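Each remark here refers to the structure printed beneath this line.
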Amino acid sequence: SKDGGGGGGAGAGNVHDHILPVSDDLFRHCTIPKTVSVIGAPMTYGQPFVGTDAGPTLIREAGLLTKLTALGWRVEDLPDIDFEAMKTTSNEKEGGIPSSSAKNSLIVGPGTQKLADIVEHSVREGRFPLILGGDHSIGIGSLAGILRARPDTGIIWVDAHADLNTPAISESGNLHGMPIGLLMEGLAPDHSQIPGFKWLHDEAHVRLNPDSLVYIGLRDVDAAERAAIRQLGIRAYTMHDIDHYGIGRVMDLAIDHLLTKDPHRPLHLSYDIDAIDPVLAPATGTAVRGGLSYREAHYVAEA
């Protein structure tokens, strides 16, 4: 575009999203007029670094809402979840595991329950939930809310890490490495033993089938997670696969895997910034070299 209003040109950072094919059929699970619920989840307690809580504000300040309306969406911008209000000075132990096995669980547990409630409501109202983190422990809440409302949802998890740990196998005890592990059928632990997570124990039906998950961009996976991926038969495309097949072929394979049995099922994309090479996206506490390039990172969403 040369009119100055479309953000076109060949300058660094421009992505020609206005020429991409857009079909309302892609969003057939949303009511008309299609509305996106922007849900700020400034979580920072799933890992040890302060700063991830600034994410929702910075993404909005970069022009998110205007760009969404330019794509034809009505926008419902919800208030950020106040995770700070969930801090507790209580020493009460709800469960039996050591606190070092699930750090800050008395904040992350109730916080992700609140997020799950908001996401579930958004989906049931026919809106598109767009969740802004925050560290990736918020995936516990986003996944739980989506699976409550639409248990048939297929999950594309774009991440350098598998996030398939549980308190029993985690090497760090950080909950940002456990969102899939806590909800995975055949792997999920007894949540009544994790302080703050009794709500997941009461919702034992909210589980993710291994066949409904595809990983994209893995390159830093714990030994116990690798064993679980093989044992459960989870479809996983590492950076090696992306190098070998190309991102286009990998995304075709991932989507085909999720839609072969049910072409009409909804898909949820969870995108961790550390999937992208840290040369391009250094603002992460879990940087791993050799990640997605600028164009590969965009293609994942375009596919």
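Labeling convention for the structure tokens: chains A, B, ... as they appear, residues from 1 per chain, ligands from 1 in order of appearance.
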
(request) Can you pull out every residue within 6 Å of range 290-303 of chain A, counting only C-alpha atoms, but drop anything in the same chain fewer than 5 positions away, and send it as a PyMOL selection string? (result) chain A and resi 275-277

Under the rule of at most 8 Å, produce a per-residue listing of range 81-137 of chain A near range 30-47 of chain A: chain, number, name, the closest pair of atoms, and the distance in Å, as a tab-separated table, using only C-alpha atoms.
```
residue	atom	partner	partner_atom	distance
A:Ile81	CA	A:Ala41	CA	5.6
A:Asp82	CA	A:Pro42	CA	7.9
A:Phe83	CA	A:Met43	CA	6.6
A:Lys103	CA	A:Gly46	CA	7.3
A:Asn104	CA	A:Tyr45	CA	6.2
A:Ile107	CA	A:Tyr45	CA	7.2
A:Val108	CA	A:Tyr45	CA	6.5
A:Leu115	CA	A:Ala41	CA	7.5
A:Ser122	CA	A:Ser37	CA	6.7
A:Glu125	CA	A:Thr31	CA	7.9
A:Gly126	CA	A:Cys30	CA	4.5
A:Arg127	CA	A:Thr35	CA	5.2
A:Phe128	CA	A:Val36	CA	4.5
A:Pro129	CA	A:Ser37	CA	4.9
A:Leu130	CA	A:Val38	CA	4.9
A:Ile131	CA	A:Ile39	CA	4.7
A:Leu132	CA	A:Gly40	CA	4.9
A:Gly133	CA	A:Ala41	CA	5.0
A:Gly134	CA	A:Pro42	CA	4.3
A:Asp135	CA	A:Met43	CA	5.6
A:His136	CA	A:Gly46	CA	7.2
A:Ser137	CA	A:Gly46	CA	5.3
```

(request) Excluding Asp220 in chain A and any residue of its chain fewer than 5 positions from it, enumerate the residues within 8 Å of it, using only C-alpha atoms, and give them as a list in words. (result) Ala160, His161, Ala162 and Val288 of chain A

Okay, now the selection with N, CA and C atoms, as a CSV table (one decimal), in the first residue's frame?
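Final output, saved to out.csv:
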```csv
chain,number,residue,atom,x,y,z
A,160,ALA,N,9.3,-23.5,22.6
A,160,ALA,CA,10.6,-24.2,22.7
A,160,ALA,C,10.6,-25.4,23.6
A,161,HIS,N,9.6,-25.3,24.6
A,161,HIS,CA,9.5,-26.4,25.6
A,161,HIS,C,8.2,-27.1,25.5
A,162,ALA,N,8.2,-28.3,26.1
A,162,ALA,CA,6.9,-29.1,26.0
A,162,ALA,C,5.9,-28.8,27.0
A,288,VAL,N,16.2,-19.8,24.2
A,288,VAL,CA,16.9,-21.0,23.7
A,288,VAL,C,17.3,-20.7,22.2
```

Please report, as a compact mmCIF listing (two decimals) with N, CA, C and O atoms, in the first residue's frame, each residue of range 25-186 of chain A to which DSSP assigns alpha helix (DSSP H) when run on this structure's backbone.
```txt
# COMPACT_ATOMS: atom_id res chain seq x y z
N GLY A 55 3.38 -7.84 30.05
CA GLY A 55 3.01 -8.24 28.70
C GLY A 55 1.71 -7.67 28.16
O GLY A 55 1.69 -7.05 27.09
N PRO A 56 0.58 -7.85 28.87
CA PRO A 56 -0.69 -7.36 28.33
C PRO A 56 -0.69 -5.86 28.05
O PRO A 56 -1.20 -5.42 27.01
N THR A 57 -0.11 -5.08 28.95
CA THR A 57 -0.07 -3.62 28.74
C THR A 57 0.77 -3.26 27.53
O THR A 57 0.37 -2.44 26.68
N LEU A 58 1.94 -3.88 27.40
CA LEU A 58 2.83 -3.55 26.28
C LEU A 58 2.22 -3.96 24.94
O LEU A 58 2.37 -3.25 23.94
N ILE A 59 1.53 -5.09 24.91
CA ILE A 59 0.91 -5.54 23.65
C ILE A 59 -0.21 -4.59 23.25
O ILE A 59 -0.36 -4.24 22.08
N ARG A 60 -1.01 -4.15 24.22
CA ARG A 60 -2.07 -3.18 23.91
C ARG A 60 -1.45 -1.87 23.42
O ARG A 60 -1.93 -1.27 22.44
N GLU A 61 -0.39 -1.41 24.09
CA GLU A 61 0.23 -0.14 23.72
C GLU A 61 0.85 -0.20 22.32
O GLU A 61 1.02 0.84 21.67
N LEU A 64 -2.58 -3.26 19.50
CA LEU A 64 -3.35 -4.49 19.27
C LEU A 64 -4.80 -4.23 18.92
O LEU A 64 -5.33 -4.77 17.95
N LEU A 65 -5.48 -3.42 19.70
CA LEU A 65 -6.93 -3.25 19.53
C LEU A 65 -7.26 -2.63 18.18
O LEU A 65 -8.20 -3.05 17.50
N THR A 66 -6.48 -1.63 17.77
CA THR A 66 -6.69 -1.00 16.47
C THR A 66 -6.47 -2.00 15.34
O THR A 66 -7.22 -2.03 14.35
N LYS A 67 -5.45 -2.84 15.48
CA LYS A 67 -5.16 -3.83 14.45
C LYS A 67 -6.26 -4.88 14.36
O LYS A 67 -6.60 -5.37 13.27
N LEU A 68 -6.86 -5.23 15.49
CA LEU A 68 -7.96 -6.19 15.48
C LEU A 68 -9.18 -5.61 14.77
O LEU A 68 -9.83 -6.30 13.97
N THR A 69 -9.49 -4.36 15.03
CA THR A 69 -10.64 -3.74 14.35
C THR A 69 -10.37 -3.61 12.86
O THR A 69 -11.28 -3.73 12.04
N ALA A 70 -9.11 -3.38 12.49
CA ALA A 70 -8.76 -3.27 11.07
C ALA A 70 -8.96 -4.60 10.34
O ALA A 70 -9.17 -4.62 9.13
N SER A 105 2.05 -22.14 44.06
CA SER A 105 0.80 -22.75 43.59
C SER A 105 -0.43 -22.11 44.23
O SER A 105 -1.52 -22.15 43.64
N LEU A 106 -0.27 -21.52 45.42
CA LEU A 106 -1.42 -20.89 46.07
C LEU A 106 -1.82 -19.57 45.39
O LEU A 106 -2.89 -19.05 45.67
N ILE A 107 -0.96 -19.06 44.52
CA ILE A 107 -1.32 -17.91 43.69
C ILE A 107 -1.70 -18.38 42.29
O ILE A 107 -2.74 -17.99 41.74
N VAL A 108 -0.87 -19.24 41.70
CA VAL A 108 -1.11 -19.68 40.33
C VAL A 108 -2.40 -20.49 40.23
O VAL A 108 -3.16 -20.35 39.26
N GLY A 109 -2.70 -21.31 41.24
CA GLY A 109 -3.92 -22.13 41.20
C GLY A 109 -5.19 -21.30 41.11
O GLY A 109 -5.95 -21.41 40.15
N PRO A 110 -5.46 -20.45 42.10
CA PRO A 110 -6.66 -19.61 42.03
C PRO A 110 -6.64 -18.65 40.84
O PRO A 110 -7.69 -18.36 40.25
N GLY A 111 -5.45 -18.18 40.46
CA GLY A 111 -5.36 -17.27 39.32
C GLY A 111 -5.76 -17.93 38.02
O GLY A 111 -6.51 -17.35 37.22
N THR A 112 -5.31 -19.15 37.81
CA THR A 112 -5.66 -19.85 36.57
C THR A 112 -7.12 -20.33 36.61
O THR A 112 -7.75 -20.45 35.55
N GLN A 113 -7.66 -20.57 37.79
CA GLN A 113 -9.09 -20.89 37.89
C GLN A 113 -9.91 -19.69 37.43
O GLN A 113 -10.90 -19.84 36.69
N LYS A 114 -9.53 -18.49 37.87
CA LYS A 114 -10.23 -17.27 37.45
C LYS A 114 -10.15 -17.10 35.94
O LYS A 114 -11.15 -16.78 35.27
N LEU A 115 -8.97 -17.33 35.37
CA LEU A 115 -8.80 -17.24 33.92
C LEU A 115 -9.66 -18.26 33.20
O LEU A 115 -10.32 -17.96 32.19
N ALA A 116 -9.71 -19.49 33.72
CA ALA A 116 -10.52 -20.54 33.11
C ALA A 116 -11.99 -20.13 33.06
O ALA A 116 -12.69 -20.35 32.05
N ASP A 117 -12.48 -19.52 34.13
CA ASP A 117 -13.88 -19.08 34.17
C ASP A 117 -14.16 -18.03 33.09
O ASP A 117 -15.19 -18.07 32.42
N ILE A 118 -13.23 -17.08 32.93
CA ILE A 118 -13.41 -16.00 31.95
C ILE A 118 -13.37 -16.56 30.53
O ILE A 118 -14.18 -16.20 29.67
N VAL A 119 -12.41 -17.44 30.27
CA VAL A 119 -12.27 -18.03 28.93
C VAL A 119 -13.50 -18.87 28.59
O VAL A 119 -14.04 -18.79 27.49
N GLU A 120 -13.94 -19.68 29.54
CA GLU A 120 -15.13 -20.51 29.30
C GLU A 120 -16.33 -19.64 28.94
O GLU A 120 -17.07 -19.93 27.99
N HIS A 121 -16.53 -18.56 29.69
CA HIS A 121 -17.66 -17.67 29.42
C HIS A 121 -17.55 -17.06 28.02
O HIS A 121 -18.55 -16.98 27.29
N SER A 122 -16.35 -16.64 27.65
CA SER A 122 -16.15 -16.04 26.33
C SER A 122 -16.50 -17.02 25.22
O SER A 122 -17.20 -16.68 24.26
N VAL A 123 -16.03 -18.26 25.35
CA VAL A 123 -16.29 -19.27 24.32
C VAL A 123 -17.78 -19.59 24.24
O VAL A 123 -18.36 -19.68 23.15
N ARG A 124 -18.43 -19.74 25.40
CA ARG A 124 -19.86 -20.08 25.41
C ARG A 124 -20.71 -18.93 24.85
O ARG A 124 -21.81 -19.17 24.33
N ILE A 138 -0.27 -19.50 32.61
CA ILE A 138 -1.65 -19.14 32.28
C ILE A 138 -2.28 -20.17 31.35
O ILE A 138 -3.51 -20.25 31.26
N GLY A 139 -1.46 -20.98 30.68
CA GLY A 139 -1.99 -22.04 29.83
C GLY A 139 -2.86 -23.02 30.59
O GLY A 139 -3.74 -23.65 30.00
N ILE A 140 -2.63 -23.16 31.90
CA ILE A 140 -3.48 -24.03 32.71
C ILE A 140 -4.92 -23.53 32.65
O ILE A 140 -5.86 -24.29 32.43
N GLY A 141 -5.08 -22.22 32.83
CA GLY A 141 -6.42 -21.63 32.82
C GLY A 141 -7.04 -21.56 31.45
O GLY A 141 -8.22 -21.86 31.28
N SER A 142 -6.25 -21.16 30.45
CA SER A 142 -6.82 -21.04 29.10
C SER A 142 -7.25 -22.41 28.58
O SER A 142 -8.34 -22.56 28.02
N LEU A 143 -6.42 -23.43 28.79
CA LEU A 143 -6.78 -24.77 28.34
C LEU A 143 -8.01 -25.30 29.08
O LEU A 143 -8.92 -25.85 28.46
N ALA A 144 -8.03 -25.13 30.39
CA ALA A 144 -9.16 -25.64 31.17
C ALA A 144 -10.47 -24.97 30.74
O ALA A 144 -11.50 -25.64 30.58
N GLY A 145 -10.44 -23.66 30.54
CA GLY A 145 -11.65 -22.95 30.13
C GLY A 145 -12.14 -23.39 28.77
O GLY A 145 -13.35 -23.58 28.54
N ILE A 146 -11.20 -23.55 27.83
CA ILE A 146 -11.57 -23.97 26.47
C ILE A 146 -12.12 -25.40 26.48
O ILE A 146 -13.13 -25.70 25.83
N LEU A 147 -11.47 -26.29 27.22
CA LEU A 147 -11.90 -27.69 27.25
C LEU A 147 -13.24 -27.86 27.97
O LEU A 147 -13.99 -28.77 27.66
N ARG A 148 -13.52 -26.99 28.94
CA ARG A 148 -14.85 -27.02 29.56
C ARG A 148 -15.93 -26.73 28.52
O ARG A 148 -16.95 -27.42 28.45
N ALA A 149 -15.70 -25.68 27.74
CA ALA A 149 -16.72 -25.23 26.79
C ALA A 149 -16.75 -26.07 25.53
O ALA A 149 -17.83 -26.34 24.99
```

(request) Determine the nearest neighbour of Val206 in chain A from the options A:Leu218, A:Ala168, A:Ile97, A:Leu182, counting only C-alpha atoms. (result)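 So, comparing all the options, the nearest one is A:Leu182.
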
(message) Please determine, counting only C-alpha atoms, which residue among A:Gly248, A:Gly285, A:Pro263, A:Gly154 has the shortest atom-to-atom distance to Val50 in chain A.
(response)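 Nearest candidate to Val50 in chain A out of A:Gly248, A:Gly285, A:Pro263, A:Gly154: A:Gly285.
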
(request) Between CA of Thr153 in chain A and CA of Ser212 in chain A, measure the distance and give it in Å to one decimal. (result) 7.2 Å

(message) Between A:Leu164, A:Gly181, A:Asn174, A:Ile156, which residue has the minimum interatomic distance to Asp252 in chain A, considering only C-alpha atoms?
(response)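 For Asp252 in chain A, the nearest of the given residues is A:Ile156.
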
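Shortest atom-to-atom contact with His29 in chain A among A:Arg150, A:Leu269, A:Ala62, A:Arg207: A:Arg150, counting only C-alpha atoms.
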
(request) Measure the distance from CA of Ser192 in chain A to CA of Asp211 in chain A in Å and round it to one decimal. (result)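 For CA of Ser192 in chain A relative to CA of Asp211 in chain A, the distance reads 25.8 Å.
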
(request) Using only C-alpha atoms, pick whichever of A:Gly96, A:Pro266, A:Gly173, A:Pro282 has the shortest atom-to-atom distance to His191 in chain A. (result) A:Gly96

(request) Measure the distance from CA of Val221 in chain A to CA of Thr260 in chain A in Å and round it to one decimal. (result) 27.3 Å

(message) Just checking: using only C-alpha atoms, which residue out of A:Met86, A:Ala254, A:Leu26, A:Met239 ends up closest to Asp159 in chain A?
(response)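 Closest to Asp159 in chain A of all the choices is A:Met239.
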